[in-house]
Amino acid sequence: MGILDSFEKGLERAVNGAFAKTFKSGLQPVEITSALRRELDTKAAVVSRDRILAPNRFTVRMSHADFQRMSALGQTLLDELTELVQQHGREQRYQFAGGVSITLSADRGLSEGMVQIDSSTIKGSVSWIPVVEVNGKRYPLTQSHTVIGRGSDADITIDDSGTSRRHVEILWDGSRAQVRDLGSTNGSQLNGSPVKQAILEPDSVVTIGRTRIVFRVIAQASSSSEPVTERRRDGGRERRDMDGFWGPTA
């Protein structure tokens, strides 16, 4: 499977899930991923023998009508695009100076269906935020114990008669997550198998009743807004090597 195929598969969660919409005309979400991929490949710069620096900040410009449609998909679309950029970076062994950040922008100078990408390389750090996605809505895990069920006293309340009032809880110790069934009537499943308590790996799926709960760890960028500068040593020109890249290592 090619990387573009992976992009298309990843976007299905945003476009065909709870945020499903019909894009009969205008810009398609997968066209944004293609444009981001081209921008990465075009702007990637060889800094040293085993380091290829790619931009990590992107502004996706589009027509006002397309911007309204894409904005309706909410933060889920931006998170998907961010994850897919990181995936392409891993595939190509690119490195980033900081966390990847993507914003959408309306540009009245662009016709419907057109997209342009502005990119830059900004030094910064990245933090990893644990979240669960329930019925298309994303909930950050801000406490060590998060109870999910249909009861009003649950931390995340779901409308599913097949679940118990306090069905499962997600445990987070700051570095890893676990799922624990709270003695529910109908039980819980982790990636299709019955579970009482187990470690949650990123992208694990917990099923309770008719409800799917997806655990993810999302990269969140924080930067000093300091652009990275380069000096190359190619054919007598000087290149300055840089440390602190964020990305795959050899």
# chains A, B, ... in the order shown; residues from 1 in each chain; ligands from 1
call {"tool": "residues_around", "arguments": {"residues": "Arg165 in chain A", "least_positions_apart": "5", "cutoff": "6 Å", "atoms": "only C-alpha atoms", "output": "ChimeraX atom specification"}}
result
/A:149-151
call {"tool": "residues_around", "arguments": {"residues": "range 197-208 of chain A", "least_positions_apart": "6", "cutoff": "10 Å", "atoms": "only C-alpha atoms", "output": "JSON, numbers by chain"}}
result
{"A": [130, 131, 132, 133, 134, 148, 149, 160, 162, 163, 164, 167, 168, 169, 170, 171, 172, 176, 177, 178, 179, 180, 181, 182, 184, 186, 187, 188, 189, 190, 191, 214, 215, 216, 217, 218]}
call {"tool": "closest_residue", "arguments": {"among": "A:Gln95, A:Ser127, A:Ser63, A:Thr142", "to": "Asp50 in chain A", "atoms": "only C-alpha atoms"}}
result
A:Gln95
call {"tool": "residues_around", "arguments": {"residues": "range 66-68 of chain A", "least_positions_apart": "5", "cutoff": "9 Å", "atoms": "only C-alpha atoms", "output": "ChimeraX atom specification"}}
result
/A:26-28,61,104-107,112-114
call {"tool": "select_by_dssp", "arguments": {"residues": "range 4-224 of chain A", "states": "helix (DSSP H, G or I)", "output": "ChimeraX atom specification"}}
result
/A:4-15,29-43,64-71,75-92
call {"tool": "closest_residue", "arguments": {"among": "A:Pro55, A:Gly136, A:Gly74, A:Gly109", "to": "Thr211 in chain A", "atoms": "only C-alpha atoms"}}
result
A:Gly136
call {"tool": "residues_around", "arguments": {"residues": "Ser101 in chain A", "least_positions_apart": "5", "cutoff": "7 Å", "atoms": "only C-alpha atoms", "output": "MDAnalysis selection string"}}
result
chainID A and resid 56:58 82 221
call {"tool": "write_last_selection", "arguments": {"atoms": "C-alpha atoms", "output": "tab-separated table (two decimals), in the first residue's frame"}}
result
chain	number	residue	atom	x	y	z
A	56	ASN	CA	6.66	21.33	10.76
A	57	ARG	CA	4.24	24.29	10.55
A	58	PHE	CA	1.65	24.40	7.80
A	82	THR	CA	-1.30	16.02	11.66
A	221	ALA	CA	3.20	21.36	19.52
call {"tool": "select_by_dssp", "arguments": {"residues": "range 45-149 of chain A", "states": "strand (DSSP E)", "output": "short mmCIF file (atom, residue, chain, number, x, y, z; two decimals) with N, CA and C atoms, in the first residue's frame"}}
result
data_model
loop_
_atom_site.label_atom_id
_atom_site.label_comp_id
_atom_site.auth_asym_id
_atom_site.auth_seq_id
_atom_site.Cartn_x
_atom_site.Cartn_y
_atom_site.Cartn_z
N ALA A 45 15.01 19.22 3.41
CA ALA A 45 16.39 19.62 3.12
C ALA A 45 17.36 18.68 3.82
N VAL A 46 18.38 18.24 3.09
CA VAL A 46 19.41 17.37 3.65
C VAL A 46 20.35 18.25 4.49
N VAL A 47 20.34 18.03 5.78
CA VAL A 47 21.17 18.83 6.69
C VAL A 47 22.50 18.14 6.97
N SER A 48 22.47 16.83 7.07
CA SER A 48 23.69 16.04 7.23
C SER A 48 23.42 14.67 6.63
N ARG A 51 20.39 13.12 8.34
CA ARG A 51 19.32 14.01 8.81
C ARG A 51 18.70 14.76 7.65
N ILE A 52 17.40 14.61 7.52
CA ILE A 52 16.64 15.35 6.51
C ILE A 52 15.59 16.16 7.25
N LEU A 53 15.72 17.46 7.20
CA LEU A 53 14.83 18.36 7.94
C LEU A 53 13.64 18.74 7.07
N ARG A 57 5.40 23.41 10.40
CA ARG A 57 4.24 24.29 10.55
C ARG A 57 3.62 24.52 9.17
N PHE A 58 2.32 24.31 9.08
CA PHE A 58 1.65 24.40 7.80
C PHE A 58 0.38 25.24 7.91
N THR A 59 0.19 26.12 6.93
CA THR A 59 -1.08 26.83 6.77
C THR A 59 -1.69 26.37 5.46
N VAL A 60 -2.87 25.80 5.53
CA VAL A 60 -3.57 25.28 4.35
C VAL A 60 -4.57 26.34 3.91
N ARG A 61 -4.31 26.96 2.77
CA ARG A 61 -5.17 28.03 2.26
C ARG A 61 -6.11 27.49 1.20
N MET A 62 -7.36 27.95 1.26
CA MET A 62 -8.39 27.48 0.34
C MET A 62 -9.47 28.55 0.19
N SER A 101 2.25 21.26 13.34
CA SER A 101 1.06 22.08 13.56
C SER A 101 0.45 22.44 12.21
N ILE A 102 -0.87 22.28 12.08
CA ILE A 102 -1.57 22.58 10.84
C ILE A 102 -2.77 23.47 11.13
N THR A 103 -2.90 24.55 10.36
CA THR A 103 -4.07 25.42 10.48
C THR A 103 -4.70 25.59 9.10
N LEU A 104 -6.01 25.83 9.09
CA LEU A 104 -6.74 26.10 7.87
C LEU A 104 -6.99 27.60 7.75
N SER A 105 -6.98 28.11 6.53
CA SER A 105 -7.16 29.54 6.33
C SER A 105 -7.97 29.78 5.06
N ALA A 106 -8.91 30.72 5.13
CA ALA A 106 -9.69 31.11 3.95
C ALA A 106 -8.92 32.15 3.16
N VAL A 115 -6.15 24.55 -3.54
CA VAL A 115 -5.51 24.54 -2.23
C VAL A 115 -4.06 24.94 -2.40
N GLN A 116 -3.56 25.74 -1.46
CA GLN A 116 -2.15 26.11 -1.43
C GLN A 116 -1.64 25.94 -0.01
N ILE A 117 -0.38 25.53 0.10
CA ILE A 117 0.22 25.25 1.40
C ILE A 117 1.37 26.22 1.64
N ASP A 118 1.36 26.89 2.78
CA ASP A 118 2.50 27.67 3.26
C ASP A 118 3.14 26.88 4.40
N SER A 119 4.46 26.74 4.37
CA SER A 119 5.11 25.95 5.41
C SER A 119 6.34 26.67 5.94
N SER A 120 6.73 26.30 7.14
CA SER A 120 7.94 26.84 7.75
C SER A 120 8.46 25.83 8.75
N ILE A 122 9.92 25.58 12.49
CA ILE A 122 9.96 26.34 13.74
C ILE A 122 10.49 25.44 14.85
N LYS A 123 11.49 25.93 15.57
CA LYS A 123 12.00 25.19 16.71
C LYS A 123 10.93 25.13 17.79
N GLY A 124 10.88 24.03 18.48
CA GLY A 124 9.91 23.91 19.56
C GLY A 124 9.97 22.54 20.18
N SER A 125 9.00 22.25 20.99
CA SER A 125 8.92 20.96 21.66
C SER A 125 7.56 20.36 21.37
N VAL A 126 7.44 19.09 21.66
CA VAL A 126 6.16 18.41 21.45
C VAL A 126 5.77 17.68 22.72
N SER A 127 4.52 17.79 23.09
CA SER A 127 3.99 17.04 24.22
C SER A 127 2.93 16.08 23.68
N TRP A 128 2.74 14.98 24.41
CA TRP A 128 1.83 13.93 23.96
C TRP A 128 0.62 13.89 24.88
N ILE A 129 -0.56 14.07 24.31
CA ILE A 129 -1.80 14.18 25.07
C ILE A 129 -2.63 12.93 24.85
N PRO A 130 -2.99 12.19 25.93
CA PRO A 130 -3.84 11.02 25.76
C PRO A 130 -5.30 11.45 25.61
N VAL A 131 -6.00 10.81 24.69
CA VAL A 131 -7.42 11.11 24.46
C VAL A 131 -8.15 9.81 24.17
N VAL A 132 -9.47 9.86 24.34
CA VAL A 132 -10.34 8.79 23.85
C VAL A 132 -11.36 9.42 22.92
N GLU A 133 -11.67 8.69 21.85
CA GLU A 133 -12.70 9.13 20.91
C GLU A 133 -13.92 8.23 21.10
N VAL A 134 -15.06 8.85 21.40
CA VAL A 134 -16.30 8.12 21.63
C VAL A 134 -17.35 8.70 20.71
N LYS A 137 -16.51 11.97 19.03
CA LYS A 137 -16.13 13.11 19.87
C LYS A 137 -14.89 12.76 20.66
N ARG A 138 -13.97 13.71 20.75
CA ARG A 138 -12.68 13.47 21.39
C ARG A 138 -12.67 14.05 22.80
N TYR A 139 -12.22 13.23 23.77
CA TYR A 139 -12.15 13.64 25.18
C TYR A 139 -10.71 13.50 25.68
N PRO A 140 -10.04 14.60 26.03
CA PRO A 140 -8.70 14.48 26.64
C PRO A 140 -8.79 13.78 27.99
N HIS A 145 -8.15 8.56 36.54
CA HIS A 145 -9.22 7.59 36.36
C HIS A 145 -10.37 8.28 35.62
N THR A 146 -10.77 7.74 34.48
CA THR A 146 -11.88 8.29 33.70
C THR A 146 -12.90 7.19 33.49
N VAL A 147 -14.08 7.34 34.10
CA VAL A 147 -15.14 6.33 34.04
C VAL A 147 -16.04 6.63 32.84
N ILE A 148 -16.37 5.58 32.09
CA ILE A 148 -17.25 5.70 30.93
C ILE A 148 -18.44 4.78 31.12
N GLY A 149 -19.63 5.29 30.89
CA GLY A 149 -20.85 4.49 31.04
C GLY A 149 -22.08 5.33 30.74
#
call {"tool": "atom_distance", "arguments": {"atom1": "CA of Ser161 in chain A", "atom2": "CA of Gln143 in chain A"}}
result
25.9 Å
call {"tool": "decode", "arguments": {"residues": "range 157-168 of chain A", "atoms": "all heavy atoms", "output": "PDB file, in the first residue's frame"}}
result
ATOM      1  N   THR A 157     -20.412  10.248  29.683  1.00  0.00           N
ATOM      2  CA  THR A 157     -21.716   9.592  29.631  1.00  0.00           C
ATOM      3  C   THR A 157     -22.079   9.282  28.188  1.00  0.00           C
ATOM      4  O   THR A 157     -21.979  10.147  27.312  1.00  0.00           O
ATOM      5  CB  THR A 157     -22.807  10.481  30.254  1.00  0.00           C
ATOM      6  OG1 THR A 157     -22.450  10.776  31.608  1.00  0.00           O
ATOM      7  CG2 THR A 157     -24.151   9.778  30.241  1.00  0.00           C
ATOM      8  N   ILE A 158     -22.488   8.029  27.935  1.00  0.00           N
ATOM      9  CA  ILE A 158     -22.856   7.618  26.582  1.00  0.00           C
ATOM     10  C   ILE A 158     -24.315   7.158  26.564  1.00  0.00           C
ATOM     11  O   ILE A 158     -24.836   6.643  27.549  1.00  0.00           O
ATOM     12  CB  ILE A 158     -21.941   6.491  26.063  1.00  0.00           C
ATOM     13  CG1 ILE A 158     -21.959   5.285  27.003  1.00  0.00           C
ATOM     14  CG2 ILE A 158     -20.518   6.995  25.897  1.00  0.00           C
ATOM     15  CD1 ILE A 158     -21.151   4.113  26.515  1.00  0.00           C
ATOM     16  N   ASP A 159     -24.959   7.354  25.434  1.00  0.00           N
ATOM     17  CA  ASP A 159     -26.355   6.959  25.251  1.00  0.00           C
ATOM     18  C   ASP A 159     -26.386   5.586  24.589  1.00  0.00           C
ATOM     19  O   ASP A 159     -26.488   5.471  23.370  1.00  0.00           O
ATOM     20  CB  ASP A 159     -27.086   8.003  24.403  1.00  0.00           C
ATOM     21  CG  ASP A 159     -28.565   7.681  24.239  1.00  0.00           C
ATOM     22  OD1 ASP A 159     -29.070   6.827  24.992  1.00  0.00           O
ATOM     23  OD2 ASP A 159     -29.214   8.276  23.351  1.00  0.00           O
ATOM     24  N   ASP A 160     -26.252   4.547  25.404  1.00  0.00           N
ATOM     25  CA  ASP A 160     -26.184   3.179  24.888  1.00  0.00           C
ATOM     26  C   ASP A 160     -26.776   2.261  25.952  1.00  0.00           C
ATOM     27  O   ASP A 160     -26.178   2.029  27.000  1.00  0.00           O
ATOM     28  CB  ASP A 160     -24.725   2.808  24.581  1.00  0.00           C
ATOM     29  CG  ASP A 160     -24.598   1.433  23.930  1.00  0.00           C
ATOM     30  OD1 ASP A 160     -25.549   0.638  24.004  1.00  0.00           O
ATOM     31  OD2 ASP A 160     -23.522   1.163  23.350  1.00  0.00           O
ATOM     32  N   SER A 161     -27.969   1.730  25.664  1.00  0.00           N
ATOM     33  CA  SER A 161     -28.658   0.883  26.637  1.00  0.00           C
ATOM     34  C   SER A 161     -27.940  -0.435  26.877  1.00  0.00           C
ATOM     35  O   SER A 161     -28.228  -1.137  27.853  1.00  0.00           O
ATOM     36  CB  SER A 161     -30.097   0.612  26.166  1.00  0.00           C
ATOM     37  OG  SER A 161     -30.094  -0.046  24.905  1.00  0.00           O
ATOM     38  N   GLY A 162     -26.992  -0.769  26.004  1.00  0.00           N
ATOM     39  CA  GLY A 162     -26.245  -2.011  26.177  1.00  0.00           C
ATOM     40  C   GLY A 162     -25.074  -1.888  27.127  1.00  0.00           C
ATOM     41  O   GLY A 162     -24.337  -2.866  27.325  1.00  0.00           O
ATOM     42  N   THR A 163     -24.896  -0.720  27.707  1.00  0.00           N
ATOM     43  CA  THR A 163     -23.782  -0.507  28.629  1.00  0.00           C
ATOM     44  C   THR A 163     -24.296  -0.321  30.050  1.00  0.00           C
ATOM     45  O   THR A 163     -25.467   0.029  30.278  1.00  0.00           O
ATOM     46  CB  THR A 163     -22.960   0.725  28.236  1.00  0.00           C
ATOM     47  OG1 THR A 163     -23.786   1.895  28.326  1.00  0.00           O
ATOM     48  CG2 THR A 163     -22.457   0.594  26.808  1.00  0.00           C
ATOM     49  N   SER A 164     -23.427  -0.560  31.011  1.00  0.00           N
ATOM     50  CA  SER A 164     -23.758  -0.333  32.419  1.00  0.00           C
ATOM     51  C   SER A 164     -23.567   1.134  32.777  1.00  0.00           C
ATOM     52  O   SER A 164     -22.943   1.896  32.040  1.00  0.00           O
ATOM     53  CB  SER A 164     -22.870  -1.211  33.304  1.00  0.00           C
ATOM     54  OG  SER A 164     -23.073  -2.588  33.017  1.00  0.00           O
ATOM     55  N   ARG A 165     -24.110   1.512  33.922  1.00  0.00           N
ATOM     56  CA  ARG A 165     -24.021   2.912  34.333  1.00  0.00           C
ATOM     57  C   ARG A 165     -22.561   3.330  34.504  1.00  0.00           C
ATOM     58  O   ARG A 165     -22.178   4.420  34.126  1.00  0.00           O
ATOM     59  CB  ARG A 165     -24.804   3.130  35.642  1.00  0.00           C
ATOM     60  CG  ARG A 165     -26.297   2.904  35.512  1.00  0.00           C
ATOM     61  CD  ARG A 165     -27.010   3.177  36.823  1.00  0.00           C
ATOM     62  NE  ARG A 165     -26.785   4.548  37.265  1.00  0.00           N
ATOM     63  CZ  ARG A 165     -27.498   5.589  36.849  1.00  0.00           C
ATOM     64  NH1 ARG A 165     -28.455   5.419  35.950  1.00  0.00           N
ATOM     65  NH2 ARG A 165     -27.246   6.791  37.309  1.00  0.00           N
ATOM     66  N   ARG A 166     -21.759   2.477  35.083  1.00  0.00           N
ATOM     67  CA  ARG A 166     -20.309   2.679  35.187  1.00  0.00           C
ATOM     68  C   ARG A 166     -19.679   1.428  34.581  1.00  0.00           C
ATOM     69  O   ARG A 166     -19.503   0.423  35.266  1.00  0.00           O
ATOM     70  CB  ARG A 166     -19.890   2.882  36.648  1.00  0.00           C
ATOM     71  CG  ARG A 166     -20.424   4.171  37.257  1.00  0.00           C
ATOM     72  CD  ARG A 166     -20.204   4.211  38.774  1.00  0.00           C
ATOM     73  NE  ARG A 166     -18.790   4.111  39.125  1.00  0.00           N
ATOM     74  CZ  ARG A 166     -17.974   5.160  39.230  1.00  0.00           C
ATOM     75  NH1 ARG A 166     -18.430   6.382  38.998  1.00  0.00           N
ATOM     76  NH2 ARG A 166     -16.714   4.980  39.571  1.00  0.00           N
ATOM     77  N   HIS A 167     -19.356   1.499  33.303  1.00  0.00           N
ATOM     78  CA  HIS A 167     -19.007   0.290  32.560  1.00  0.00           C
ATOM     79  C   HIS A 167     -17.505   0.003  32.591  1.00  0.00           C
ATOM     80  O   HIS A 167     -17.078  -1.075  33.003  1.00  0.00           O
ATOM     81  CB  HIS A 167     -19.481   0.421  31.105  1.00  0.00           C
ATOM     82  CG  HIS A 167     -19.552  -0.884  30.387  1.00  0.00           C
ATOM     83  ND1 HIS A 167     -20.744  -1.462  30.006  1.00  0.00           N
ATOM     84  CD2 HIS A 167     -18.573  -1.747  29.983  1.00  0.00           C
ATOM     85  CE1 HIS A 167     -20.503  -2.616  29.402  1.00  0.00           C
ATOM     86  NE2 HIS A 167     -19.186  -2.806  29.371  1.00  0.00           N
ATOM     87  N   VAL A 168     -16.696   0.954  32.126  1.00  0.00           N
ATOM     88  CA  VAL A 168     -15.238   0.788  32.140  1.00  0.00           C
ATOM     89  C   VAL A 168     -14.595   2.067  32.648  1.00  0.00           C
ATOM     90  O   VAL A 168     -15.226   3.131  32.689  1.00  0.00           O
ATOM     91  CB  VAL A 168     -14.667   0.472  30.731  1.00  0.00           C
ATOM     92  CG1 VAL A 168     -15.165  -0.856  30.217  1.00  0.00           C
ATOM     93  CG2 VAL A 168     -14.966   1.598  29.756  1.00  0.00           C
TER      94      VAL A 168
END
